[in-house]
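K.L.:
Could you have a look at this structure, given as structure tokens, before my questions?
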Amino acid sequence: MPENILSAENLSVLLIALPFCSAAFCTFIRYGKIRTVVILSSGGMLIAAALILIGRTPFHFSPKPIFGLPLTVAVEMLDFSLLSVILYLGFKHHSWIIKILALLQIIVLAYFEFFLVEDRVSPATIFCDHLSLLMILIICLVGVLICFQAIAYMKNHEDHLKPAASKQPRFFGVMLLFLGAMNGLVLSNDMRLFYFFFELTTLCSFLLIAHDGTATATSSAVRALWMNSLGGAAFIIGLVLAYANTGMLELKPVLDVGKVGGGWYLFGLALLCFAAFTKSAQFPFQSWLLGAMVAPTPVSALLHSSTMVKIGVYLVLRLAPAINGTFLSQCVAVFGGFTFLCAAALAVGQSNGKKVLAYSTISNLGLIFACAGLNTSQALIAGMLLIVFHAVIKALLFLCVGAIEQRIASRDIEDMRGLYADMPLTALMTVMGVIMMIMPPFGLLLSKWMAMEAAAGNLYVIIMITLGSALTVMYWARWAGTLMSDPFAGRFKPERQPLLTWLALGALCAGAGLLSMAAPWLYRGMVPALTQGYLPPFTSHSGILENAYGVFAVLPLSFAAVLGFAVAILAVKRASRARVVKPYLSGVQLAESGMFIGPMNRPAKAEAKNYYLSSIFGEKKLTTWINLAAGVLLTLMAGGTL
Amino acid sequence: MIDTAVFILIALTGGPLLGGFVSGLDRILTARFQSRIGPPLWQPFYDVVKLWGKENTVVNVWQAFCAYCYVAATSIALILFVLRSDLLLILFIQAVGAVFLVVGALSSTSPFSQVGAHRELLQILSYEPLLILVTIGIFLETGSFKIAGIYSWNEPLIMRLPFLFVVLGYALTVKLRKSPFDLSTSHHAHQELVKGLLTDYSGPILALTEIGHWYEVVLILGLCSLFWATNWIGMIVIVGVTYFFEVLIDNVSARLNWRWMLGYVWALGLSLSLVNLIWLYVD
């Protein structure tokens with residue numbers, strides 16, 4: 001019976017268990033071709049399962065005991081063994097802070113499991129609504145595409161580094177494990193299960209960041225581990241407080257009833273938000289995500305787009321109904337706006353492409369937190385749309401930068417000057433990614449528009465978002481222009497890349513464009529994710545999103561954009577036949593590109609570099625103050641709930 | 001449907017006509033300030049026609065792409081304004097045009113273009129937040145981002161948003177690249193960057209950027225008109241007075257560097273907006 005096989009229960013189990021099995025397979029079968037087949041086939045199955053799940057949502061259920069062992073007990077055992085592994089890593093890397101945090105978590109968890117929680121059967125361990133579904137689609141589509149591209153990337157990577165023994169088996173094992181953990185996390189209703197997957201992603205990111213085994217890689221990985229362990233500790237303590245005051249052990253009741261308690265309960269929720277901030281690398285915890293770029297680029301792409309950092313925003317969007325109307329919610333909004341602004345400012349000061357991407361991620365996540373904190377239905381929808389579009393476009397941009405880096409051996413924006421001449425297709429896709437980041441009618445700007453109209457009622461947040469957006473335009477536009485800079489290429493030169501790279505880049509680029517056009521329908525799919533008390537913020541008719549005070553004609557504008565691009569492309573064709581002249585150099589240019597008659601009648605090279613304004617926006621200038629301010633805001637948030 | 005088509009046609013053709021006309025007035029007015037007679041009113045149109053007839057030369061084919069995208073974005077922004085659509089969205093779309101103009105300049109390696117482009121980015125950075133805050137102020141007063149809703153408000157907005165109107169004036173000076181904020185490119189002579197941002201746009205492509213600019217000018221004047229939208233006379237007066245002051249300031253001030261611009265515009269613009277927005281919030 002095909003319907004039985006493809007039931008929601010079976011699909012959920014498949015989405016969680018399949019990556020785990022394939023991960024084990026990849027780790028232990030050390031044969032490249034078989035590994036590729038395993039990754040491709042399990043990736044394909046994950047995509048299929050996620051797509052079929054669209055028609056099965058919402059649902060919830062509790063799995064049957066595995067070999068007579070109830071799932072809760074199994075999770076308990078897994079939790080403790082996972083924390084033991086982290087404790088072991090603390091000893092291995094001589095990090096006292098990891099040791100302390102791991103021990104703390106073990107003690108709190110033991111107290112929680114053995115003394116606090118009544119032994120009862122969870123009504124629903126697994127629970128999937130439209131928000132979970134959205135996350136699953138992102139994880140399975142974007143995440144799997146990144147894994148596909150990683151096959152080609154890692155081959156190049158190892159050809160270049162030449163390690164004694166290939167480390168790819170473990171690498172792909174962990175990548176797949178990560179996807180499984182993410183699927184598990186977004187499907188969890190039982191908070192103990194959620195916590196297990198939460199910690200598992202911490203461990204996975206540690207392993208991936210440490211992959212290259214260099215000193216910087218190890219120290220970055222250790223930093224990521226302790227910062228996320230801090231989040232883990234905050235999570236479990238927050239959970240204990242929430243449970244002790246309300247008996248909350250599942251996520252679903254939070255959504256159904258909204259605000260249920262006061263006092264320590266709210267402080268518990270504040271701790272959960274704090275845990276989310278560490279996962280999403282908000283200030284002052286941004287350094288783990290910045291350090292993570294030592295890892296091979298597919299890892300960055302995975303961490304930044306579909307996994308890890310999205311856990312934080314997912315968790316806070318989930319908790320939004322519970323904190324609606326509280327001081328905590330306002331604090332989350334202000335904190336998010338603050339991060340959005342400051343990360344954008346820091347991005348302006350960077351010439352390192354990967355760092356620009358990293359700060360832009362932090363910035364966008366801040367905007368999503370701001371949306372969750374604003375807590376109106378329009379803001380929540382904006383947050384969800386941001387998650388989708390940011391995931392797709394950021395994955396695209398990271399993979400592009402990875403491909404560029406393997407070609408030019410640099411990630412500096414200055415070195416990408418005129419890259420169009422060398423890698424036309426990749427450069428164009430990068431520029432497309434940038435355009436989709438900052439321009440309407442593309443989805444990211446649609447979400448930002450929604451967020452701004454939703455934030456209009458909050459003075460602090462709207463001012464920070466406004467300034468942050470202007471800074472955002474600056475650092476992206478600069479990058480796009482640099483890529484398209486001279487030398488004039490004349491004819492389109494073909495560019496060679498592995499097939500899997502083209503597949504991933506093409507799918508992400510086209511996907512982001514098509515999703516943008518389909519945004520009104522995407523919106524309709526998201527409205528059911530809003531819980532009770534949140535009314536649909538827009539009406540959607542013939543591709544136009546409209547409410548009483550705002551309107552965004554997505555589809556008509558998309559057609560206008562397509563038309564505009566088509567005309568512009570024709571203009572490029574015509575310009576290709578036009579006479580090519582040298583850039584203006586005060587009339588003293590020489591035949592050679594970029595040279596002019598300089599002092600003493602000697603040839604000199606004309607050079608101009610980008611403005612990075614590091615005297616204002618440099619990391620050295622700003623980071624300390626921003627971290628300090630973030631610390632103050634977090635203290636305000638936590639203290640205000642008591 | 002027919003209505004929409006008519007409005008689109010009005011915006012597409014009326015925009016450049018009105019923009020060119022304003023630009024001609026601007027030149028005559030400037031000339032009179034400088035004790036000259038100045039060119040005929042139609043001079044901007046003659047200029048564009050002449051440029052259009054020139055040989056098509058390019059330094060980089062993508063510059064043509066960017067010029068077309070600039071015109072497309074600015075004209076779509078004006079169309080949406082005429083269709084009385086969402087003001088915030090219109091600002092986003094005009095920003096698209098501004099960004100494409102910068103990207104086009106960056107695609108030439110000439111240091112004049114490059115530095116001009118970066119200065120233009122700083123100008124965008126200066127005025128963009130202010131324009132959005134003005135929009136937020138308008139929303140707080142009228143409860144609508146839709147221009148249809150704003151025009152139907154029964155009280156001139158300038159009464160309740162006086163400081164935001166000043167802020168808008170500030171933002172316009174930067175947006176229109178009027179002195180003291182004509183850093184990226186200047187219509188006066190003796191620009192240290194030759195023609196800055198526009199140095200390597202030439203012939204028909206330069207003509208396009210001029211047409212795009214006309215759309216922008218009309219859009220901006222439309223934005224001003226929102227502040228006294230209760231009757232036609234008010235609209236014309238407020239637009240006329242504002243533009244007169246823009247030209248006056250252009251002629252009596254010297255160019256600032258970008259630090260001054262960013263500092264002045266943000267510090268003064270933000271504090272004025274803040275004060276006015278707080279008034280609206282406490283109401």
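Letters A, B, ... mark the chains of the structure tokens in the order given; residue numbers begin at 1 per chain; ligand numbers begin at 1, in order shown.
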Show me, as a list in words, every residue of chain A with an atom at most 6 Å from chain B, counting only C-alpha atoms.
P.N.:
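On the chain A side, the interface is Met439, Thr466, Leu467, Ala470, Met474, Gly481, Met484, Ser485, Asp486, Phe488, Tyr549, Gly550, Val551, Gly564, Ala568, Val572, Ala575, Ala578, Arg579, Val580, Val581, Lys582, Pro583, Tyr584 and Ala608 of chain A.
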K.L.:
Take the residues from that selection and write them out as an mmCIF file, in the first residue's frame, keeping C-alpha atoms.
P.N.:
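Result file selection_12.cif:
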data_model
loop_
_atom_site.group_PDB
_atom_site.id
_atom_site.type_symbol
_atom_site.label_atom_id
_atom_site.label_comp_id
_atom_site.auth_asym_id
_atom_site.auth_seq_id
_atom_site.Cartn_x
_atom_site.Cartn_y
_atom_site.Cartn_z
ATOM 1 C CA MET A 439 16.626 44.616 -4.816
ATOM 2 C CA THR A 466 16.414 51.871 8.331
ATOM 3 C CA LEU A 467 20.072 52.641 8.959
ATOM 4 C CA ALA A 470 21.240 51.616 3.868
ATOM 5 C CA MET A 474 26.434 49.842 0.343
ATOM 6 C CA GLY A 481 30.369 46.401 -9.197
ATOM 7 C CA MET A 484 31.762 43.295 -13.267
ATOM 8 C CA SER A 485 34.671 45.684 -13.511
ATOM 9 C CA ASP A 486 37.040 45.799 -16.512
ATOM 10 C CA PHE A 488 36.356 44.259 -21.188
ATOM 11 C CA TYR A 549 -2.045 50.317 4.474
ATOM 12 C CA GLY A 550 0.437 48.674 2.131
ATOM 13 C CA VAL A 551 0.635 46.897 -1.192
ATOM 14 C CA GLY A 564 13.570 45.376 -17.885
ATOM 15 C CA ALA A 568 18.973 45.520 -20.821
ATOM 16 C CA VAL A 572 24.358 44.486 -23.927
ATOM 17 C CA ALA A 575 26.830 47.273 -27.084
ATOM 18 C CA ALA A 578 29.840 49.010 -30.447
ATOM 19 C CA ARG A 579 33.324 50.488 -30.553
ATOM 20 C CA VAL A 580 35.245 49.694 -27.386
ATOM 21 C CA VAL A 581 37.163 52.585 -25.868
ATOM 22 C CA LYS A 582 39.594 52.728 -22.983
ATOM 23 C CA PRO A 583 38.419 54.065 -19.628
ATOM 24 C CA TYR A 584 39.065 57.763 -19.187
ATOM 25 C CA ALA A 608 41.552 52.598 -7.613
#
K.L.:
Go through segment 120-251 of chain B and collect every residue that DSSP, computed from the backbone, puts in alpha helix (DSSP H); the answer should be as an MDAnalysis selection string.
P.N.:
chainID B and resid 120:142 147:151 157:160 162:175 203:225 232:251
K.L.:
For Leu385 of chain A, which residue among A:Pro296, A:Ile47, A:Arg524, A:Ile311 is the nearest when counting only C-alpha atoms?
P.N.:
A:Arg524
K.L.:
Grab the atom CA of Ser351 of chain A to atom CA of Met416 of chain A distance for me, in Å with one decimal place.
P.N.:
10.5 Å
K.L.:
Atom CA of Ser229 of chain A and atom CA of Ala292 of chain A are how many Å apart?
P.N.:
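These two atoms are separated by 15.6 Å.
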K.L.:
Taking 6 positions as the minimum chain separation for residues in the same chain, which residues sit within 7 Å of segment 240-253 of chain A when counting only C-alpha atoms? Answer as a PDB file with C-alpha atoms, in the first residue's frame.
P.N.:
ATOM      1  CA  PHE A 112      15.654  17.436  35.409  1.00  0.00           C
ATOM      2  CA  ASN A 189       7.679  18.456  20.022  1.00  0.00           C
ATOM      3  CA  ASP A 190       9.146  16.976  23.197  1.00  0.00           C
ATOM      4  CA  MET A 191      11.638  19.541  24.478  1.00  0.00           C
ATOM      5  CA  GLY A 261       2.836  31.767  33.337  1.00  0.00           C
ATOM      6  CA  TRP A 264      10.488  32.491  36.573  1.00  0.00           C
ATOM      7  CA  TYR A 265       8.643  31.056  33.598  1.00  0.00           C
ATOM      8  CA  GLY A 268      13.156  30.573  31.490  1.00  0.00           C
ATOM      9  CA  LEU A 269      11.903  31.748  28.129  1.00  0.00           C
TER      10      LEU A 269
END
K.L.:
Find the residues around Pro16 of chain B up to 6 Å (only C-alpha atoms counted), leave out those fewer than 2 positions away in its own chain, and share them as an MDAnalysis selection string.
P.N.:
chainID B and resid 14 18:20 214:215
K.L.:
Got a sec: who's within 8 Å of Leu446 of chain A, counting only C-alpha atoms, leaving out chain neighbours fewer than 5 positions off, as a PyMOL selection string?
P.N.:
chain A and resi 440-441+552
K.L.:
Write out as JSON lines the residues of segment 92-154 of chain A that have any atom within 9 Å of an atom of segment 169-188 of chain A, one row each with the nearest atom pair and its distance in Å to one decimal, counting only C-alpha atoms, sorted by chain and then rising number.
P.N.:
{"residue": "A:Ala124", "atom": "CA", "partner": "A:Ser188", "partner_atom": "CA", "distance": 8.9}
{"residue": "A:Thr125", "atom": "CA", "partner": "A:Ser188", "partner_atom": "CA", "distance": 6.2}
{"residue": "A:Ile126", "atom": "CA", "partner": "A:Ser188", "partner_atom": "CA", "distance": 4.9}
{"residue": "A:Phe127", "atom": "CA", "partner": "A:Leu187", "partner_atom": "CA", "distance": 5.4}
{"residue": "A:Cys128", "atom": "CA", "partner": "A:Leu187", "partner_atom": "CA", "distance": 5.6}
{"residue": "A:Asp129", "atom": "CA", "partner": "A:Leu187", "partner_atom": "CA", "distance": 8.7}
{"residue": "A:Leu131", "atom": "CA", "partner": "A:Val186", "partner_atom": "CA", "distance": 8.6}
{"residue": "A:Ser132", "atom": "CA", "partner": "A:Val186", "partner_atom": "CA", "distance": 5.4}
{"residue": "A:Leu133", "atom": "CA", "partner": "A:Val186", "partner_atom": "CA", "distance": 8.2}
{"residue": "A:Met135", "atom": "CA", "partner": "A:Val186", "partner_atom": "CA", "distance": 6.9}
{"residue": "A:Ile136", "atom": "CA", "partner": "A:Asn183", "partner_atom": "CA", "distance": 6.1}
{"residue": "A:Ile139", "atom": "CA", "partner": "A:Leu179", "partner_atom": "CA", "distance": 6.6}
{"residue": "A:Cys140", "atom": "CA", "partner": "A:Leu179", "partner_atom": "CA", "distance": 7.4}
{"residue": "A:Gly143", "atom": "CA", "partner": "A:Leu179", "partner_atom": "CA", "distance": 7.0}
{"residue": "A:Val144", "atom": "CA", "partner": "A:Leu179", "partner_atom": "CA", "distance": 8.1}
{"residue": "A:Cys147", "atom": "CA", "partner": "A:Met175", "partner_atom": "CA", "distance": 7.2}
{"residue": "A:Ala150", "atom": "CA", "partner": "A:Phe172", "partner_atom": "CA", "distance": 8.5}
{"residue": "A:Ile151", "atom": "CA", "partner": "A:Phe172", "partner_atom": "CA", "distance": 8.5}
K.L.:
Can you write out the residues you just picked, keeping N, CA and C atoms, as a PDB file, in the first residue's frame?
P.N.:
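Produced file part_19.pdb, reproduced below:
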ATOM      1  N   ALA A 124       2.752  13.573  22.238  1.00  0.00           N
ATOM      2  CA  ALA A 124       3.266  13.649  20.869  1.00  0.00           C
ATOM      3  C   ALA A 124       4.739  14.013  20.941  1.00  0.00           C
ATOM      4  N   THR A 125       5.576  13.094  20.547  1.00  0.00           N
ATOM      5  CA  THR A 125       7.001  13.393  20.546  1.00  0.00           C
ATOM      6  C   THR A 125       7.355  14.178  19.304  1.00  0.00           C
ATOM      7  N   ILE A 126       6.730  13.759  18.216  1.00  0.00           N
ATOM      8  CA  ILE A 126       6.994  14.394  16.926  1.00  0.00           C
ATOM      9  C   ILE A 126       5.798  15.255  16.547  1.00  0.00           C
ATOM     10  N   PHE A 127       6.087  16.431  16.024  1.00  0.00           N
ATOM     11  CA  PHE A 127       5.003  17.344  15.697  1.00  0.00           C
ATOM     12  C   PHE A 127       5.453  18.197  14.521  1.00  0.00           C
ATOM     13  N   CYS A 128       4.586  18.307  13.538  1.00  0.00           N
ATOM     14  CA  CYS A 128       4.988  19.061  12.347  1.00  0.00           C
ATOM     15  C   CYS A 128       3.862  19.997  11.947  1.00  0.00           C
ATOM     16  N   ASP A 129       4.113  21.292  11.979  1.00  0.00           N
ATOM     17  CA  ASP A 129       3.146  22.233  11.432  1.00  0.00           C
ATOM     18  C   ASP A 129       3.797  22.924  10.232  1.00  0.00           C
ATOM     19  N   LEU A 131       5.370  25.687   9.923  1.00  0.00           N
ATOM     20  CA  LEU A 131       6.699  26.271  10.162  1.00  0.00           C
ATOM     21  C   LEU A 131       7.768  25.169  10.112  1.00  0.00           C
ATOM     22  N   SER A 132       7.469  24.031  10.768  1.00  0.00           N
ATOM     23  CA  SER A 132       8.419  22.907  10.706  1.00  0.00           C
ATOM     24  C   SER A 132       8.614  22.474   9.261  1.00  0.00           C
ATOM     25  N   LEU A 133       7.500  22.414   8.536  1.00  0.00           N
ATOM     26  CA  LEU A 133       7.564  21.979   7.142  1.00  0.00           C
ATOM     27  C   LEU A 133       8.475  22.893   6.334  1.00  0.00           C
ATOM     28  N   MET A 135      10.931  24.626   7.398  1.00  0.00           N
ATOM     29  CA  MET A 135      12.321  24.353   7.759  1.00  0.00           C
ATOM     30  C   MET A 135      12.800  23.071   7.090  1.00  0.00           C
ATOM     31  N   ILE A 136      11.942  22.061   7.096  1.00  0.00           N
ATOM     32  CA  ILE A 136      12.346  20.784   6.492  1.00  0.00           C
ATOM     33  C   ILE A 136      12.638  20.971   5.011  1.00  0.00           C
ATOM     34  N   ILE A 139      15.982  22.641   4.753  1.00  0.00           N
ATOM     35  CA  ILE A 139      17.081  21.729   5.110  1.00  0.00           C
ATOM     36  C   ILE A 139      17.295  20.724   3.987  1.00  0.00           C
ATOM     37  N   CYS A 140      16.196  20.136   3.509  1.00  0.00           N
ATOM     38  CA  CYS A 140      16.341  19.035   2.554  1.00  0.00           C
ATOM     39  C   CYS A 140      16.664  19.527   1.148  1.00  0.00           C
ATOM     40  N   GLY A 143      20.116  22.221   1.872  1.00  0.00           N
ATOM     41  CA  GLY A 143      21.170  21.438   2.508  1.00  0.00           C
ATOM     42  C   GLY A 143      21.695  20.347   1.597  1.00  0.00           C
ATOM     43  N   VAL A 144      20.786  19.636   0.942  1.00  0.00           N
ATOM     44  CA  VAL A 144      21.210  18.540   0.069  1.00  0.00           C
ATOM     45  C   VAL A 144      21.986  19.077  -1.135  1.00  0.00           C
ATOM     46  N   CYS A 147      25.418  19.658  -0.105  1.00  0.00           N
ATOM     47  CA  CYS A 147      26.159  18.390   0.002  1.00  0.00           C
ATOM     48  C   CYS A 147      26.590  17.909  -1.383  1.00  0.00           C
ATOM     49  N   ALA A 150      29.423  19.820  -2.487  1.00  0.00           N
ATOM     50  CA  ALA A 150      30.593  19.484  -1.667  1.00  0.00           C
ATOM     51  C   ALA A 150      31.363  18.298  -2.257  1.00  0.00           C
ATOM     52  N   ILE A 151      30.655  17.401  -2.953  1.00  0.00           N
ATOM     53  CA  ILE A 151      31.346  16.240  -3.547  1.00  0.00           C
ATOM     54  C   ILE A 151      32.428  16.736  -4.500  1.00  0.00           C
TER      55      ILE A 151
END
K.L.:
Residues near Val348 of chain A, anyone? I mean within 12 Å using only C-alpha atoms, not counting same-chain ones fewer than 4 positions away, as an MDAnalysis selection string.
P.N.:
(chainID A and resid 341:344 352:353 355:360 363 413 468:479 610:619 622) or (chainID B and resid 121:122 125)
K.L.:
Between atom CA of Phe165 of chain B and atom CA of Leu280 of chain B, what is the spacing in Å?
P.N.:
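The value is 13.9 Å.
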